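A.B. asks: This is the structure I have questions about; it appears just below.
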Amino acid sequence: MDLHFSEYDTRLAGYAVIVNDSNEILLSWFNGGGEPSRALWTLPGGGIDYDESIEAGTVREIREETGFDAELLRPLTTHSFTEKRRGGRPFKGVRVVYLAEIVGGTLGTLEVDGTTDRAEWISVAALSRIRHARIIDVGLDAWRAERAQQR
């Protein structure tokens, strides 16, 4: 399907890969937004508001979802996908994934009446045993590739 950009809806989102010295990744629990069958672990982050930069929106989302203040170190990768929505316009999701580090705050979700219920540090090795969003794999693949190049 060849559509002009004005013929579909786009959601811009920013996410962060934050891995601590114990090889645990900071994740947030997406509660499914009213559909419990869609609930899963995901990277902290989310939609960027119209009037904010991708960087500012990503930092805001990390704080809301995890309680932590973060510094974005650099972009790791981008990811996009398309889907047809029933009864609506075609949709394209565009995601920027950053490498980030914690610079303050305390673990605990600050979002009120949102789609994030909690945040936790989870072992990278345990990811294969938990239900998680594809964006985690996208982010970790880029993180691992960067680490391999540095060796």
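Chains: A, B, ... in order of the structure tokens. Residues: from 1 per chain. Ligands: from 1, in order shown.
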Do a neighbour search on Glu24 (chain A) at 6 Å with only C-alpha atoms, toss out local chain neighbours closer than 3 positions, and write the hits as a ChimeraX atom specification.

C.D. replies: /A:19-20,121-124

A.B. asks: Keeping N, CA, C and O atoms, export the residues of the selection given above as a PDB file, in the first residue's frame.

C.D. replies:
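Output (again-v9.pdb):
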ATOM      1  N   VAL A  19      20.346  -0.100  31.542  1.00  0.00           N
ATOM      2  CA  VAL A  19      20.837  -1.353  32.113  1.00  0.00           C
ATOM      3  C   VAL A  19      21.809  -1.003  33.243  1.00  0.00           C
ATOM      4  O   VAL A  19      22.716  -0.192  33.063  1.00  0.00           O
ATOM      5  N   ASN A  20      21.612  -1.627  34.417  1.00  0.00           N
ATOM      6  CA  ASN A  20      22.479  -1.325  35.557  1.00  0.00           C
ATOM      7  C   ASN A  20      23.696  -2.260  35.581  1.00  0.00           C
ATOM      8  O   ASN A  20      23.850  -3.133  34.719  1.00  0.00           O
ATOM      9  N   TRP A 121      13.388  -3.425  37.944  1.00  0.00           N
ATOM     10  CA  TRP A 121      14.640  -3.869  37.338  1.00  0.00           C
ATOM     11  C   TRP A 121      14.515  -5.373  37.133  1.00  0.00           C
ATOM     12  O   TRP A 121      14.258  -6.116  38.086  1.00  0.00           O
ATOM     13  N   ILE A 122      14.692  -5.836  35.920  1.00  0.00           N
ATOM     14  CA  ILE A 122      14.544  -7.254  35.597  1.00  0.00           C
ATOM     15  C   ILE A 122      15.818  -7.728  34.897  1.00  0.00           C
ATOM     16  O   ILE A 122      16.340  -7.053  34.001  1.00  0.00           O
ATOM     17  N   SER A 123      16.290  -8.887  35.299  1.00  0.00           N
ATOM     18  CA  SER A 123      17.497  -9.454  34.711  1.00  0.00           C
ATOM     19  C   SER A 123      17.332  -9.602  33.203  1.00  0.00           C
ATOM     20  O   SER A 123      16.317 -10.118  32.732  1.00  0.00           O
ATOM     21  N   VAL A 124      18.333  -9.167  32.468  1.00  0.00           N
ATOM     22  CA  VAL A 124      18.297  -9.322  31.008  1.00  0.00           C
ATOM     23  C   VAL A 124      18.159 -10.797  30.652  1.00  0.00           C
ATOM     24  O   VAL A 124      17.430 -11.152  29.722  1.00  0.00           O
TER      25      VAL A 124
END

A.B. asks: Skipping near chain neighbours, those fewer than 3 positions away, what residues fall within 10 Å of Phe30 (chain A) using only C-alpha atoms, listed as a list in words?

C.D. replies: Leu27, Gly33, Pro36, Arg38, Ala39, Leu40, Trp41, Thr42, Leu43, Pro44, Glu65, Gly114, Thr115, Thr116, Asp117, Arg118, Ala119, His132 and Ala133 of chain A

A.B. asks: Could you please take those selected residues and save C-alpha atoms as a tab-separated table (two decimals), in the first residue's frame?

C.D. replies:
chain	number	residue	atom	x	y	z
A	27	LEU	CA	11.15	-1.96	32.48
A	33	GLY	CA	-5.02	0.02	28.55
A	36	PRO	CA	-5.75	-7.23	30.26
A	38	ARG	CA	-2.52	-6.94	26.03
A	39	ALA	CA	-0.61	-6.39	29.31
A	40	LEU	CA	3.17	-6.89	29.15
A	41	TRP	CA	6.57	-5.51	30.10
A	42	THR	CA	7.99	-2.74	27.91
A	43	LEU	CA	10.79	-0.20	27.84
A	44	PRO	CA	10.06	3.00	29.74
A	65	GLU	CA	6.62	5.45	34.39
A	114	GLY	CA	-2.44	5.78	32.98
A	115	THR	CA	-1.37	2.59	31.28
A	116	THR	CA	1.70	1.97	33.48
A	117	ASP	CA	1.12	0.18	36.80
A	118	ARG	CA	4.70	-0.33	37.98
A	119	ALA	CA	8.36	-0.42	37.03
A	132	HIS	CA	7.39	-8.51	26.86
A	133	ALA	CA	7.01	-6.04	24.02

A.B. asks: If DSSP is run on the backbone, what residues of chain A are alpha helix (DSSP H)? A reply as a PDB file with C-alpha atoms, in the first residue's frame would be ideal.

C.D. replies:
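File written: out.pdb
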ATOM      1  CA  ILE A  54      11.619  13.766  21.339  1.00  0.00           C
ATOM      2  CA  GLU A  55      14.317  14.013  24.000  1.00  0.00           C
ATOM      3  CA  ALA A  56      12.194  15.976  26.490  1.00  0.00           C
ATOM      4  CA  GLY A  57       9.220  13.694  25.929  1.00  0.00           C
ATOM      5  CA  THR A  58      11.311  10.566  26.464  1.00  0.00           C
ATOM      6  CA  VAL A  59      12.765  11.923  29.718  1.00  0.00           C
ATOM      7  CA  ARG A  60       9.230  12.886  30.865  1.00  0.00           C
ATOM      8  CA  GLU A  61       7.893   9.423  30.054  1.00  0.00           C
ATOM      9  CA  ILE A  62      10.755   7.700  31.909  1.00  0.00           C
ATOM     10  CA  ARG A  63      10.031   9.804  35.004  1.00  0.00           C
ATOM     11  CA  GLU A  64       6.267   9.198  34.853  1.00  0.00           C
ATOM     12  CA  GLU A  65       6.624   5.451  34.391  1.00  0.00           C
ATOM     13  CA  THR A  66       9.571   4.667  36.680  1.00  0.00           C
ATOM     14  CA  ARG A 134       9.072  -6.326  20.857  1.00  0.00           C
ATOM     15  CA  ILE A 135      10.552  -2.853  21.495  1.00  0.00           C
ATOM     16  CA  ILE A 136      12.610  -4.391  24.336  1.00  0.00           C
ATOM     17  CA  ASP A 137      14.232  -6.819  21.874  1.00  0.00           C
ATOM     18  CA  VAL A 138      14.808  -4.007  19.372  1.00  0.00           C
ATOM     19  CA  GLY A 139      16.476  -1.866  22.045  1.00  0.00           C
ATOM     20  CA  LEU A 140      18.571  -4.662  23.543  1.00  0.00           C
ATOM     21  CA  ASP A 141      19.747  -5.846  20.115  1.00  0.00           C
ATOM     22  CA  ALA A 142      21.029  -2.315  19.413  1.00  0.00           C
ATOM     23  CA  TRP A 143      22.572  -2.091  22.913  1.00  0.00           C
ATOM     24  CA  ARG A 144      24.365  -5.430  22.452  1.00  0.00           C
ATOM     25  CA  ALA A 145      25.612  -4.450  18.980  1.00  0.00           C
ATOM     26  CA  GLU A 146      27.021  -1.198  20.358  1.00  0.00           C
ATOM     27  CA  ARG A 147      28.754  -3.024  23.208  1.00  0.00           C
ATOM     28  CA  ALA A 148      30.253  -5.560  20.780  1.00  0.00           C
ATOM     29  CA  GLN A 149      31.707  -2.741  18.648  1.00  0.00           C
ATOM     30  CA  GLN A 150      33.323  -1.176  21.727  1.00  0.00           C
TER      31      GLN A 150
END

A.B. asks: Considering only C-alpha atoms, return as a ChimeraX atom specification whatever protein or nucleic-acid residues lie within 8 Å of Arg89 (chain A), sequence-local ones (same chain, fewer than 6 positions apart) excluded.

C.D. replies: /A:7-9

A.B. asks: Looking at A:Phe5, A:Ala126, A:Gly108, A:Val97, which one is nearest to Ile25 (chain A), with distances taken over only C-alpha atoms?

C.D. replies: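 Between A:Phe5, A:Ala126, A:Gly108, A:Val97, the residue approaching Ile25 (chain A) most closely is A:Ala126.
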